[in-house]
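Below is entry.tsv, holding TSV, C-alpha atoms.
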```tsv
chain	number	residue	atom	x	y	z
S	1	MET	CA	-17.82	-28.05	-32.91
S	2	LYS	CA	-14.28	-27.50	-31.68
S	3	ARG	CA	-12.55	-24.25	-30.77
S	4	VAL	CA	-8.89	-23.79	-29.92
S	5	CYS	CA	-7.41	-20.99	-27.82
S	6	ASP	CA	-4.65	-20.30	-25.34
S	7	VAL	CA	-6.81	-19.21	-22.39
S	8	VAL	CA	-10.52	-19.71	-21.84
S	9	VAL	CA	-12.21	-17.63	-19.14
S	10	VAL	CA	-15.59	-18.63	-17.71
S	11	GLY	CA	-17.72	-15.71	-16.53
S	12	ALA	CA	-17.69	-12.17	-17.93
S	13	GLY	CA	-18.09	-10.26	-14.68
S	14	PRO	CA	-15.46	-7.86	-13.33
S	15	ALA	CA	-13.02	-10.66	-12.50
S	16	GLY	CA	-13.51	-12.44	-15.81
S	17	LEU	CA	-13.18	-9.29	-17.90
S	18	LEU	CA	-9.95	-8.31	-16.16
S	19	ALA	CA	-8.57	-11.84	-16.44
S	20	ALA	CA	-9.38	-12.09	-20.13
S	21	GLY	CA	-8.15	-8.61	-20.96
S	22	ARG	CA	-4.88	-9.00	-19.07
S	23	ALA	CA	-4.13	-12.40	-20.63
S	24	ALA	CA	-4.81	-11.01	-24.10
S	25	MET	CA	-2.69	-7.95	-23.35
S	26	LEU	CA	0.22	-10.33	-22.77
S	27	GLY	CA	-0.29	-12.01	-26.13
S	28	ALA	CA	-2.61	-14.92	-25.39
S	29	LYS	CA	-5.48	-15.88	-27.65
S	30	VAL	CA	-8.42	-15.60	-25.24
S	31	LEU	CA	-12.02	-16.84	-25.33
S	32	LEU	CA	-14.39	-15.40	-22.70
S	33	LEU	CA	-17.64	-17.29	-22.14
S	34	GLU	CA	-20.69	-15.69	-20.50
S	35	LYS	CA	-23.93	-17.61	-19.98
S	36	MET	CA	-26.14	-14.49	-19.81
S	37	GLU	CA	-27.16	-12.43	-22.83
S	38	LYS	CA	-24.78	-9.59	-21.90
S	39	PRO	CA	-21.46	-9.44	-20.02
S	40	ALA	CA	-21.20	-7.92	-16.53
S	41	ARG	CA	-24.88	-8.16	-15.61
S	42	LYS	CA	-24.27	-7.93	-11.87
S	43	LEU	CA	-21.74	-5.12	-12.27
S	44	ARG	CA	-24.34	-3.05	-14.11
S	45	ILE	CA	-26.64	-2.95	-11.08
S	46	THR	CA	-24.13	-2.89	-8.25
S	47	GLY	CA	-24.25	-0.06	-5.75
S	48	LYS	CA	-27.89	0.61	-6.69
S	49	GLY	CA	-26.67	1.36	-10.19
S	50	ARG	CA	-23.85	3.71	-9.10
S	51	CYS	CA	-21.03	1.14	-8.80
S	52	ASN	CA	-18.67	1.70	-5.88
S	53	ILE	CA	-15.71	0.40	-7.85
S	54	THR	CA	-13.01	0.58	-5.21
S	55	ASN	CA	-11.76	2.37	-2.10
S	56	MET	CA	-8.74	4.64	-1.74
S	57	ARG	CA	-7.79	3.52	1.74
S	58	PRO	CA	-4.27	2.11	2.10
S	59	LEU	CA	-3.59	-1.57	1.59
S	60	GLU	CA	-3.37	-2.47	5.27
S	61	GLU	CA	-6.69	-0.78	6.03
S	62	GLN	CA	-8.38	-2.56	3.13
S	63	LEU	CA	-7.10	-5.92	4.31
S	64	GLN	CA	-8.85	-5.34	7.65
S	65	GLU	CA	-12.19	-5.24	5.80
S	66	ILE	CA	-11.74	-8.66	4.17
S	67	HIS	CA	-12.66	-12.19	5.34
S	68	PRO	CA	-11.56	-14.87	6.07
S	69	GLU	CA	-7.89	-14.70	4.98
S	70	PRO	CA	-7.00	-11.15	3.90
S	71	ARG	CA	-3.29	-11.95	3.61
S	72	PHE	CA	-4.15	-14.23	0.71
S	73	LEU	CA	-4.72	-11.08	-1.39
S	74	ARG	CA	-1.35	-9.39	-0.92
S	75	GLN	CA	0.03	-10.62	-4.25
S	76	ALA	CA	-3.16	-9.81	-6.14
S	77	PHE	CA	-3.35	-6.32	-4.67
S	78	GLY	CA	0.34	-5.88	-5.37
S	79	ALA	CA	-0.23	-6.72	-9.03
S	80	PHE	CA	-3.26	-4.49	-9.53
S	81	PHE	CA	-4.77	-2.15	-6.93
S	82	ASN	CA	-7.05	0.86	-6.63
S	83	ARG	CA	-4.94	3.42	-8.49
S	84	ASP	CA	-4.31	0.92	-11.29
S	85	LEU	CA	-8.04	0.37	-11.66
S	86	ILE	CA	-8.79	4.09	-11.74
S	87	ALA	CA	-6.09	4.62	-14.36
S	88	LEU	CA	-7.52	1.81	-16.49
S	89	LEU	CA	-11.04	3.20	-16.32
S	90	GLU	CA	-10.02	6.78	-16.98
S	91	ALA	CA	-7.91	5.67	-19.97
S	92	ASN	CA	-11.08	4.07	-21.31
S	93	GLY	CA	-13.37	7.06	-20.92
S	94	VAL	CA	-14.69	6.62	-17.37
S	95	PRO	CA	-13.52	9.41	-15.04
S	96	THR	CA	-14.01	8.73	-11.35
S	97	LYS	CA	-14.72	10.62	-8.13
S	98	THR	CA	-13.97	9.87	-4.48
S	99	GLU	CA	-16.68	10.31	-1.86
S	100	ARG	CA	-17.10	9.93	1.89
S	101	GLY	CA	-15.28	6.94	3.33
S	102	ASP	CA	-12.75	7.04	0.44
S	103	ARG	CA	-15.27	5.24	-1.77
S	104	VAL	CA	-14.68	5.63	-5.51
S	105	PHE	CA	-17.50	5.90	-8.07
S	106	PRO	CA	-17.69	6.69	-11.77
S	107	ALA	CA	-18.17	10.44	-12.15
S	108	SER	CA	-21.36	9.73	-14.09
S	109	ASP	CA	-22.82	7.66	-11.21
S	110	ARG	CA	-23.59	5.01	-13.82
S	111	ALA	CA	-22.46	1.43	-13.23
S	112	TRP	CA	-23.40	0.79	-16.85
S	113	ASP	CA	-20.52	3.04	-17.98
S	114	VAL	CA	-18.01	0.96	-16.01
S	115	ALA	CA	-19.32	-2.28	-17.47
S	116	GLU	CA	-19.34	-1.02	-21.05
S	117	ALA	CA	-15.83	0.41	-20.72
S	118	LEU	CA	-14.41	-2.87	-19.41
S	119	VAL	CA	-16.13	-4.89	-22.12
S	120	ALA	CA	-14.77	-2.53	-24.78
S	121	TRP	CA	-11.29	-2.66	-23.22
S	122	ALA	CA	-11.26	-6.47	-23.20
S	123	LYS	CA	-12.41	-6.61	-26.82
S	124	GLY	CA	-9.78	-4.02	-27.68
S	125	GLN	CA	-7.12	-6.35	-26.32
S	126	GLY	CA	-8.36	-9.03	-28.72
S	127	VAL	CA	-10.63	-11.03	-26.40
S	128	GLU	CA	-13.43	-12.95	-28.11
S	129	ILE	CA	-16.57	-12.76	-25.95
S	130	VAL	CA	-19.35	-15.28	-26.51
S	131	SER	CA	-22.60	-14.60	-24.65
S	132	ARG	CA	-25.37	-17.13	-23.96
S	133	ALA	CA	-22.65	-19.75	-23.64
S	134	ARG	CA	-23.39	-22.22	-20.87
S	135	VAL	CA	-20.37	-24.21	-19.69
S	136	GLU	CA	-21.32	-27.79	-18.91
S	137	SER	CA	-18.05	-29.22	-17.64
S	138	LEU	CA	-14.30	-28.83	-17.55
S	139	VAL	CA	-12.04	-31.24	-19.40
S	140	ILE	CA	-9.24	-32.45	-17.16
S	141	GLU	CA	-6.70	-34.95	-18.46
S	142	ASP	CA	-3.82	-36.41	-16.46
S	143	GLY	CA	-4.40	-33.89	-13.68
S	144	ALA	CA	-4.28	-30.87	-15.97
S	145	PHE	CA	-6.91	-28.56	-17.45
S	146	SER	CA	-7.15	-29.03	-21.21
S	147	GLY	CA	-10.45	-27.40	-22.12
S	148	LEU	CA	-14.17	-27.42	-21.50
S	149	ILE	CA	-17.56	-28.24	-22.96
S	150	PHE	CA	-20.20	-25.54	-23.46
S	151	THR	CA	-23.51	-25.14	-25.23
S	152	HIS	CA	-24.38	-22.18	-27.44
S	153	ALA	CA	-27.12	-21.63	-30.02
S	154	ASP	CA	-28.47	-25.16	-29.54
S	155	ALA	CA	-25.08	-26.68	-30.31
S	156	THR	CA	-22.45	-28.30	-28.12
S	157	HIS	CA	-18.91	-26.99	-28.40
S	158	ARG	CA	-15.57	-28.27	-27.14
S	159	VAL	CA	-12.84	-25.78	-26.35
S	160	GLU	CA	-9.25	-26.91	-26.34
S	161	ALA	CA	-7.24	-24.48	-24.23
S	162	ARG	CA	-3.89	-24.55	-22.51
S	163	CYS	CA	-5.19	-22.65	-19.47
S	164	GLY	CA	-8.58	-21.92	-17.92
S	165	VAL	CA	-9.79	-19.22	-15.53
S	166	ILE	CA	-12.96	-19.75	-13.48
S	167	ALA	CA	-14.56	-16.40	-12.66
S	168	THR	CA	-18.23	-17.32	-12.38
S	169	GLY	CA	-19.08	-15.38	-9.21
S	170	GLY	CA	-20.99	-16.72	-6.22
S	171	LEU	CA	-24.69	-17.16	-5.48
S	172	SER	CA	-25.83	-13.61	-4.78
S	173	TYR	CA	-28.25	-11.99	-7.25
S	174	PRO	CA	-28.82	-15.27	-9.14
S	175	ALA	CA	-30.90	-13.48	-11.78
S	176	THR	CA	-27.64	-11.96	-13.05
S	177	GLY	CA	-26.16	-15.41	-13.65
S	178	SER	CA	-24.51	-16.09	-10.29
S	179	THR	CA	-25.81	-19.59	-9.64
S	180	GLY	CA	-22.78	-21.42	-8.27
S	181	ASP	CA	-21.52	-22.95	-11.51
S	182	GLY	CA	-17.89	-22.36	-10.65
S	183	HIS	CA	-18.22	-24.05	-7.30
S	184	ARG	CA	-19.60	-27.15	-8.99
S	185	PHE	CA	-16.75	-27.17	-11.52
S	186	ALA	CA	-14.18	-26.71	-8.76
S	187	GLU	CA	-15.66	-29.43	-6.58
S	188	ALA	CA	-15.80	-31.85	-9.48
S	189	ALA	CA	-12.12	-31.12	-10.10
S	190	GLY	CA	-11.25	-32.02	-6.51
S	191	HIS	CA	-11.37	-28.66	-4.73
S	192	SER	CA	-12.99	-28.17	-1.33
S	193	ILE	CA	-15.77	-25.58	-1.08
S	194	ALA	CA	-16.16	-23.51	2.09
S	195	PRO	CA	-19.86	-23.31	3.09
S	196	LEU	CA	-21.76	-20.81	0.97
S	197	ARG	CA	-23.95	-18.24	2.71
S	198	PRO	CA	-25.29	-14.77	1.92
S	199	SER	CA	-23.38	-11.75	3.18
S	200	LEU	CA	-24.04	-8.00	3.11
S	201	VAL	CA	-27.72	-8.78	3.50
S	202	ALA	CA	-30.65	-7.30	5.43
S	203	ILE	CA	-31.84	-9.02	8.61
S	204	ARG	CA	-35.27	-10.13	9.76
S	205	THR	CA	-36.35	-9.12	13.26
S	206	GLU	CA	-39.12	-9.71	15.74
S	207	PRO	CA	-40.76	-7.36	16.19
S	208	ALA	CA	-40.36	-5.54	12.91
S	209	CYS	CA	-40.65	-1.81	13.52
S	210	GLU	CA	-43.63	-0.01	12.01
S	211	ALA	CA	-41.39	2.78	10.68
S	212	THR	CA	-40.81	1.10	7.31
S	213	GLY	CA	-38.55	3.13	5.06
S	214	LEU	CA	-37.18	5.34	7.84
S	215	ARG	CA	-33.45	5.91	7.52
S	216	LEU	CA	-31.48	6.86	10.61
S	217	ARG	CA	-28.08	8.52	10.54
S	218	ASN	CA	-25.47	8.56	13.28
S	219	VAL	CA	-26.86	5.63	15.24
S	220	ARG	CA	-25.07	2.64	16.72
S	221	LEU	CA	-26.08	-0.98	16.19
S	222	THR	CA	-24.81	-3.55	18.69
S	223	LEU	CA	-24.87	-7.29	18.09
S	224	TRP	CA	-25.69	-9.46	21.10
S	225	VAL	CA	-25.28	-13.25	20.95
S	226	ASP	CA	-26.52	-15.46	23.76
S	227	GLY	CA	-26.62	-12.36	25.95
S	228	LYS	CA	-23.03	-11.31	25.21
S	229	LYS	CA	-21.96	-8.25	23.24
S	230	LYS	CA	-20.09	-9.34	20.12
S	231	ALA	CA	-19.70	-6.28	17.88
S	232	SER	CA	-21.07	-2.84	17.09
S	233	GLU	CA	-21.12	-0.45	14.15
S	234	PHE	CA	-21.81	3.28	13.92
S	235	GLY	CA	-23.49	4.91	10.93
S	236	GLU	CA	-26.72	4.56	8.98
S	237	ALA	CA	-29.56	2.07	9.42
S	238	GLU	CA	-32.95	1.64	7.78
S	239	PHE	CA	-36.18	0.08	8.98
S	240	THR	CA	-37.90	-2.32	6.59
S	241	ASP	CA	-41.22	-4.10	6.76
S	242	ARG	CA	-39.36	-7.25	7.88
S	243	GLY	CA	-36.50	-5.91	9.97
S	244	LEU	CA	-33.38	-3.81	9.51
S	245	ASP	CA	-31.18	-2.81	6.60
S	246	GLY	CA	-28.57	-0.16	5.84
S	247	PRO	CA	-24.77	0.06	5.94
S	248	ILE	CA	-24.24	-0.80	9.61
S	249	VAL	CA	-26.59	-3.75	9.34
S	250	LEU	CA	-24.82	-5.03	6.25
S	251	ARG	CA	-21.43	-4.79	7.93
S	252	LEU	CA	-22.64	-7.00	10.78
S	253	SER	CA	-24.69	-9.36	8.62
S	254	ARG	CA	-21.91	-11.84	7.86
S	255	ARG	CA	-21.50	-12.60	11.55
S	256	ILE	CA	-25.26	-12.61	12.11
S	257	VAL	CA	-25.78	-15.19	9.36
S	258	ASP	CA	-23.13	-17.44	10.86
S	259	PHE	CA	-24.48	-17.12	14.41
S	260	LEU	CA	-28.01	-17.91	13.25
S	261	ALA	CA	-26.79	-20.95	11.33
S	262	ALA	CA	-25.14	-22.16	14.52
S	263	GLY	CA	-28.44	-21.93	16.40
S	264	ARG	CA	-27.37	-19.04	18.62
S	265	LYS	CA	-29.75	-16.46	20.09
S	266	VAL	CA	-29.06	-13.23	18.21
S	267	GLU	CA	-30.28	-9.75	19.12
S	268	ALA	CA	-29.68	-6.36	17.50
S	269	ALA	CA	-29.80	-3.23	19.67
S	270	LEU	CA	-30.05	0.30	18.28
S	271	ASP	CA	-28.67	3.25	20.25
S	272	LEU	CA	-30.60	6.17	18.79
S	273	LYS	CA	-28.63	8.74	20.81
S	274	PRO	CA	-25.03	7.50	20.79
S	275	ALA	CA	-23.63	11.01	21.19
S	276	LEU	CA	-25.47	11.49	24.51
S	277	ASP	CA	-24.50	9.64	27.67
S	278	VAL	CA	-27.19	8.73	30.20
S	279	PRO	CA	-26.72	11.78	32.51
S	280	THR	CA	-26.94	14.17	29.56
S	281	LEU	CA	-30.01	12.38	28.28
S	282	GLU	CA	-31.60	12.50	31.73
S	283	ALA	CA	-31.05	16.27	31.89
S	284	ARG	CA	-32.64	16.68	28.48
S	285	LEU	CA	-35.64	14.62	29.52
S	286	ASP	CA	-36.04	16.67	32.69
S	287	ARG	CA	-36.62	19.66	30.46
S	288	ALA	CA	-38.89	17.75	28.08
S	289	PHE	CA	-41.11	16.22	30.77
S	290	ALA	CA	-42.96	19.35	31.78
S	291	PRO	CA	-45.87	18.85	34.15
S	292	ALA	CA	-48.67	17.00	32.38
S	293	ALA	CA	-46.73	16.94	29.11
S	294	PRO	CA	-48.31	14.33	26.82
S	295	LEU	CA	-46.00	11.39	26.12
S	296	ARG	CA	-46.26	11.78	22.37
S	297	ASP	CA	-45.20	15.42	22.58
S	298	VAL	CA	-42.11	14.34	24.50
S	299	LEU	CA	-41.37	11.63	21.95
S	300	ARG	CA	-41.78	14.06	19.06
S	301	SER	CA	-39.08	16.24	20.60
S	302	LEU	CA	-36.69	13.29	20.65
S	303	LEU	CA	-37.49	11.10	17.67
S	304	PRO	CA	-38.39	11.10	13.99
S	305	ALA	CA	-42.17	11.22	13.55
S	306	GLN	CA	-42.30	7.65	12.22
S	307	LEU	CA	-40.96	6.27	15.50
S	308	VAL	CA	-43.34	8.06	17.86
S	309	GLU	CA	-46.13	5.49	17.78
S	310	ALA	CA	-43.73	2.54	17.93
S	311	PHE	CA	-42.11	3.99	21.07
S	312	ALA	CA	-45.47	4.84	22.63
S	313	ALA	CA	-46.62	1.25	22.14
S	314	ARG	CA	-43.49	-0.15	23.79
S	315	LEU	CA	-43.55	2.31	26.70
S	316	GLY	CA	-47.19	2.02	27.71
S	317	PRO	CA	-49.44	4.79	29.09
S	318	ALA	CA	-47.28	6.01	32.01
S	319	PRO	CA	-43.61	5.48	31.33
S	320	ARG	CA	-40.81	6.51	33.62
S	321	ARG	CA	-37.77	8.42	32.43
S	322	LYS	CA	-35.52	5.39	32.96
S	323	GLU	CA	-37.71	3.28	30.70
S	324	LEU	CA	-37.58	5.88	27.94
S	325	ILE	CA	-33.82	6.30	28.29
S	326	ALA	CA	-33.35	2.55	28.16
S	327	LEU	CA	-35.36	2.41	24.95
S	328	LEU	CA	-33.50	5.32	23.37
S	329	LYS	CA	-30.14	3.75	24.18
S	330	ASP	CA	-31.09	0.10	23.63
S	331	LEU	CA	-33.94	-0.40	21.17
S	332	ARG	CA	-33.66	-4.14	20.95
S	333	PHE	CA	-34.87	-6.64	18.35
S	334	GLN	CA	-34.72	-10.41	18.23
S	335	VAL	CA	-33.01	-11.42	14.97
S	336	THR	CA	-34.98	-14.24	13.38
S	337	GLY	CA	-33.39	-14.52	9.95
S	338	HIS	CA	-31.86	-12.76	7.00
S	339	GLY	CA	-32.65	-11.95	3.41
S	340	PRO	CA	-32.37	-14.59	0.65
S	341	TRP	CA	-29.71	-14.90	-2.02
S	342	GLU	CA	-31.75	-12.62	-4.26
S	343	GLU	CA	-31.10	-9.76	-1.80
S	344	ALA	CA	-27.52	-10.53	-0.77
S	345	ILE	CA	-24.82	-8.28	-2.18
S	346	VAL	CA	-22.05	-10.85	-1.96
S	347	THR	CA	-21.36	-14.51	-1.24
S	348	ALA	CA	-19.38	-15.66	1.77
S	349	GLY	CA	-17.62	-18.99	1.28
S	350	GLY	CA	-16.42	-20.51	-1.96
S	351	VAL	CA	-13.40	-22.32	-3.34
S	352	ALA	CA	-11.24	-23.02	-0.29
S	353	LEU	CA	-8.08	-20.92	-0.33
S	354	LYS	CA	-5.85	-23.80	0.76
S	355	GLY	CA	-6.32	-25.24	-2.72
S	356	VAL	CA	-5.21	-22.07	-4.55
S	357	ASP	CA	-1.74	-20.52	-4.83
S	358	PRO	CA	-2.00	-16.86	-3.75
S	359	ARG	CA	1.05	-15.93	-5.82
S	360	THR	CA	-0.66	-16.86	-9.09
S	361	LEU	CA	-4.23	-17.90	-8.22
S	362	ALA	CA	-3.45	-21.25	-9.82
S	363	SER	CA	-5.16	-24.38	-8.59
S	364	ARG	CA	-3.01	-26.58	-6.38
S	365	VAL	CA	-5.18	-29.51	-7.47
S	366	VAL	CA	-5.41	-29.17	-11.26
S	367	GLU	CA	-2.55	-27.88	-13.36
S	368	ASN	CA	-3.24	-24.87	-15.63
S	369	LEU	CA	-6.51	-23.97	-13.88
S	370	PHE	CA	-6.95	-20.58	-12.18
S	371	PHE	CA	-9.64	-18.91	-10.06
S	372	ALA	CA	-10.68	-15.27	-9.68
S	373	GLY	CA	-13.36	-13.19	-8.01
S	374	GLU	CA	-16.32	-14.13	-5.88
S	375	VAL	CA	-16.00	-17.84	-6.65
S	376	LEU	CA	-13.16	-17.83	-4.11
S	377	ASP	CA	-13.68	-17.96	-0.34
S	378	LEU	CA	-13.12	-14.21	-0.01
S	379	ASP	CA	-15.59	-11.46	0.83
S	380	ALA	CA	-15.48	-8.02	2.39
S	381	ASN	CA	-17.50	-5.24	3.96
S	382	THR	CA	-19.24	-2.56	1.92
S	383	GLY	CA	-17.15	0.29	0.58
S	384	GLY	CA	-15.81	-0.93	-2.77
S	385	TYR	CA	-13.66	-3.71	-1.32
S	386	ASN	CA	-15.48	-6.63	-2.94
S	387	LEU	CA	-15.13	-5.20	-6.43
S	388	GLN	CA	-11.46	-4.50	-5.83
S	389	ILE	CA	-11.02	-8.15	-4.88
S	390	ALA	CA	-12.67	-9.14	-8.16
S	391	PHE	CA	-10.60	-6.76	-10.28
S	392	SER	CA	-7.30	-7.62	-8.59
S	393	THR	CA	-7.74	-11.39	-8.61
S	394	GLY	CA	-8.95	-11.26	-12.20
S	395	TRP	CA	-5.89	-9.32	-13.29
S	396	LEU	CA	-3.47	-11.66	-11.49
S	397	ALA	CA	-5.21	-14.83	-12.72
S	398	GLY	CA	-5.15	-13.62	-16.32
S	399	GLU	CA	-1.53	-12.57	-16.05
S	400	SER	CA	-0.53	-15.88	-14.49
S	401	ALA	CA	-2.35	-17.88	-17.15
S	402	ALA	CA	-0.68	-15.95	-19.95
S	403	LYS	CA	2.74	-16.36	-18.38
S	404	ARG	CA	2.13	-20.09	-18.00
S	405	LEU	CA	2.00	-20.24	-21.81
S	406	ALA	CA	5.38	-18.67	-22.30
S	407	PRO	CA	8.17	-21.12	-23.11
S	408	ALA	CA	10.83	-21.58	-20.48
S	409	THR	CA	13.91	-19.40	-20.90
S	410	PRO	CA	16.87	-21.54	-22.07
S	411	ILE	CA	19.65	-21.90	-19.53
```
Transcribe the structure of this file into structure tokens.
Amino acid sequence: MKRVCDVVVVGAGPAGLLAAGRAAMLGAKVLLLEKMEKPARKLRITGKGRCNITNMRPLEEQLQEIHPEPRFLRQAFGAFFNRDLIALLEANGVPTKTERGDRVFPASDRAWDVAEALVAWAKGQGVEIVSRARVESLVIEDGAFSGLIFTHADATHRVEARCGVIATGGLSYPATGSTGDGHRFAEAAGHSIAPLRPSLVAIRTEPACEATGLRLRNVRLTLWVDGKKKASEFGEAEFTDRGLDGPIVLRLSRRIVDFLAAGRKVEAALDLKPALDVPTLEARLDRAFAPAAPLRDVLRSLLPAQLVEAFAARLGPAPRRKELIALLKDLRFQVTGHGPWEEAIVTAGGVALKGVDPRTLASRVVENLFFAGEVLDLDANTGGYNLQIAFSTGWLAGESAAKRLAPATPI
């Protein structure tokens, strides 16, 4: 069976929905293909179901949170940024709220509402969405995109389209449909793919602390590589049965994954009392260590209950104050690994940026082909930045594809 359209978009996540909707808004006939049974599967569960859709920090501050080439996004952010996204959502029945760290969420705290609103908006622009449509290959003729082949309902279909947008996501949360399809299409078309690895992911440590589930606020995590301090983050951390998780761990995880892959020795050190310098801590311990005071009583005065036994085991039966202070200020773990793709929030790596025009997100290799979202070699820290990348690149890719269709203005 053959279908004909102006723009075909592959992947109905946040980038694909914005690309399809924007292209249709500009008059293009748009077909949006999604291989899962419902659009925006990953979006519906992001942020533990709350959906941190964006961040209200200024452009320059947001760029500092993005890897590896934040300047690549200036045109995309210029075309569609945080306030534009909020306006779009609120116009479609999803009011928002801004929380600590300038993070923006739907007022309902329901990611599902965001997904449904964007699907309805895209359809309202005239986009045809076909679910359970598995794209098999792109059709490229004389160096230009001319369509694709997909299967749906046990039948094979050929789409003839003047432009295509690849917005298939990365490899994180593969159960939602992110299985690297777009990278395979891009590579087959001649694009280079930067190495794919999980980011914003929990780490495995040795030993794993016995305080599973304990969440710590206002602590500092320092990353040590081959005995040298590389980075540190202040905020919240969580102990798991296999290691460490939480916002400060996630923010360091991209570097940890890369260092581990390079065979480096990686350690993570928790400062449980970052607000207290050593002299102040010594004075506090002088008061706590009353004559014959049991060690566990001292530890209970300093630590959450779940950490008392773990500290007692590390300190031994007769610890000195210096040993306890060292442990409070430098609770160190050997990092042995990280969580799998199923646990990673985002993918680092992807379609190499050198092969994509940042002004339009058009391929520099194949004419009339565009890329958007996590399929690109762009990722960011937690805080709403990754979704903003998806929304902004989707909008610009869809806009560029639609404008590519317009006839040249006569001279």
I need the residue nearest Ile248 in chain S from this list: S:Arg215, S:Arg197, S:Lys29, S:Lys273. Use only C-alpha atoms for the distance. S:Arg215
Nearest-residue call for Asp330 in chain S, choices S:Ala380, S:Leu88, S:Ala275, S:Ala268, using all atoms listed in the file: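 Once distances to Asp330 in chain S are computed over all atoms listed in the file, the minimum belongs to S:Ala268.
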Using only C-alpha atoms, pick whichever of S:Ile86, S:Val335, S:Leu315, S:Ala120 has the shortest atom-to-atom distance to Thr205 in chain S. S:Val335
Neighbour list for range 47-55 of chain S as a list of chain:residue names, cut-off 8 Å, only C-alpha atoms, skip fewer than 6 positions in-chain: S:Gln62, S:Asn82, S:Gly101, S:Asp102, S:Arg103, S:Val104, S:Phe105, S:Pro106, S:Asp109, S:Arg110, S:Ala111, S:Trp112, S:Val114, S:Gly383, S:Gly384, S:Tyr385, S:Asn386, S:Leu387, S:Gln388
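Taking all atoms listed in the file into account, Lys97 in chain S lies nearest to S:Met56 out of the set S:Thr222, S:Met56, S:Phe311, S:Lys123.
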Who sits within 7 Å of range 163-177 of chain S, only C-alpha atoms, same chain under 3 positions skipped, as a short mmCIF file (atom, residue, chain, number, x, y, z; two decimals) with C-alpha atoms, in the frame of the given file:
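Ended up saving to out03.cif:
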```
data_model
loop_
_atom_site.label_atom_id
_atom_site.label_comp_id
_atom_site.auth_asym_id
_atom_site.auth_seq_id
_atom_site.Cartn_x
_atom_site.Cartn_y
_atom_site.Cartn_z
CA ASP S 6 -4.65 -20.30 -25.34
CA VAL S 7 -6.81 -19.21 -22.39
CA VAL S 8 -10.52 -19.71 -21.84
CA VAL S 9 -12.21 -17.63 -19.14
CA VAL S 10 -15.59 -18.63 -17.71
CA GLY S 11 -17.72 -15.71 -16.53
CA ALA S 15 -13.02 -10.66 -12.50
CA GLY S 16 -13.51 -12.44 -15.81
CA MET S 36 -26.14 -14.49 -19.81
CA ARG S 41 -24.88 -8.16 -15.61
CA LYS S 42 -24.27 -7.93 -11.87
CA PHE S 145 -6.91 -28.56 -17.45
CA SER S 146 -7.15 -29.03 -21.21
CA GLY S 180 -22.78 -21.42 -8.27
CA ASP S 181 -21.52 -22.95 -11.51
CA GLY S 182 -17.89 -22.36 -10.65
CA PRO S 198 -25.29 -14.77 1.92
CA TRP S 341 -29.71 -14.90 -2.02
CA GLU S 342 -31.75 -12.62 -4.26
CA GLU S 343 -31.10 -9.76 -1.80
CA ALA S 344 -27.52 -10.53 -0.77
CA ILE S 345 -24.82 -8.28 -2.18
CA VAL S 346 -22.05 -10.85 -1.96
CA THR S 347 -21.36 -14.51 -1.24
CA ASN S 368 -3.24 -24.87 -15.63
CA LEU S 369 -6.51 -23.97 -13.88
CA PHE S 370 -6.95 -20.58 -12.18
CA PHE S 371 -9.64 -18.91 -10.06
CA ALA S 372 -10.68 -15.27 -9.68
CA GLY S 373 -13.36 -13.19 -8.01
CA GLU S 374 -16.32 -14.13 -5.88
CA VAL S 375 -16.00 -17.84 -6.65
CA ALA S 397 -5.21 -14.83 -12.72
CA ALA S 401 -2.35 -17.88 -17.15
#
```
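Between Phe72 in chain S and the residues S:Leu285, S:Val356, S:Leu43, S:Ala115, the shortest atom-to-atom distance, using only C-alpha atoms, involves S:Val356.
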Skipping near chain neighbours, those fewer than 3 positions away, what residues fall within 12 Å of Ser301 in chain S using only C-alpha atoms, listed as a list in words?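 Result of the neighbour search: Arg284, Leu285, Arg287, Ala288, Phe289, Ala293, Pro294, Leu295, Arg296, Asp297, Val298, Pro304, Ala305, Leu307 and Val308 of chain S.
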Mind checking which residues fall within 8 Å of Arg217 in chain S, counting all atoms listed in the file, ignoring those fewer than 3 positions away in the same chain, and posting them as a PyMOL selection string? chain S and resi 235-237
Nearest to Phe259 in chain S by atom-to-atom distance, counting all atoms listed in the file, from S:His191, S:Thr212, S:Ala202, S:His338: S:His338
Counting all atoms listed in the file, what is within 10 Å of Gln75 in chain S, bar same-chain residues fewer than 5 positions away, as JSON, numbers by chain? {"S": [80, 358, 359, 360, 361, 392, 393, 396]}
In Å to one decimal, how far is CA of Cys209 in chain S from CA of Leu302 in chain S?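 Separation between CA of Leu302 in chain S and CA of Cys209 in chain S: 17.2 Å.
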Between CA of Val351 in chain S and CA of Leu200 in chain S, distance in Å (one decimal):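 Here the two named atoms are 19.0 Å from each other.
The coordinates place CA of His67 in chain S at 5.4 Å from CA of Asp379 in chain S.
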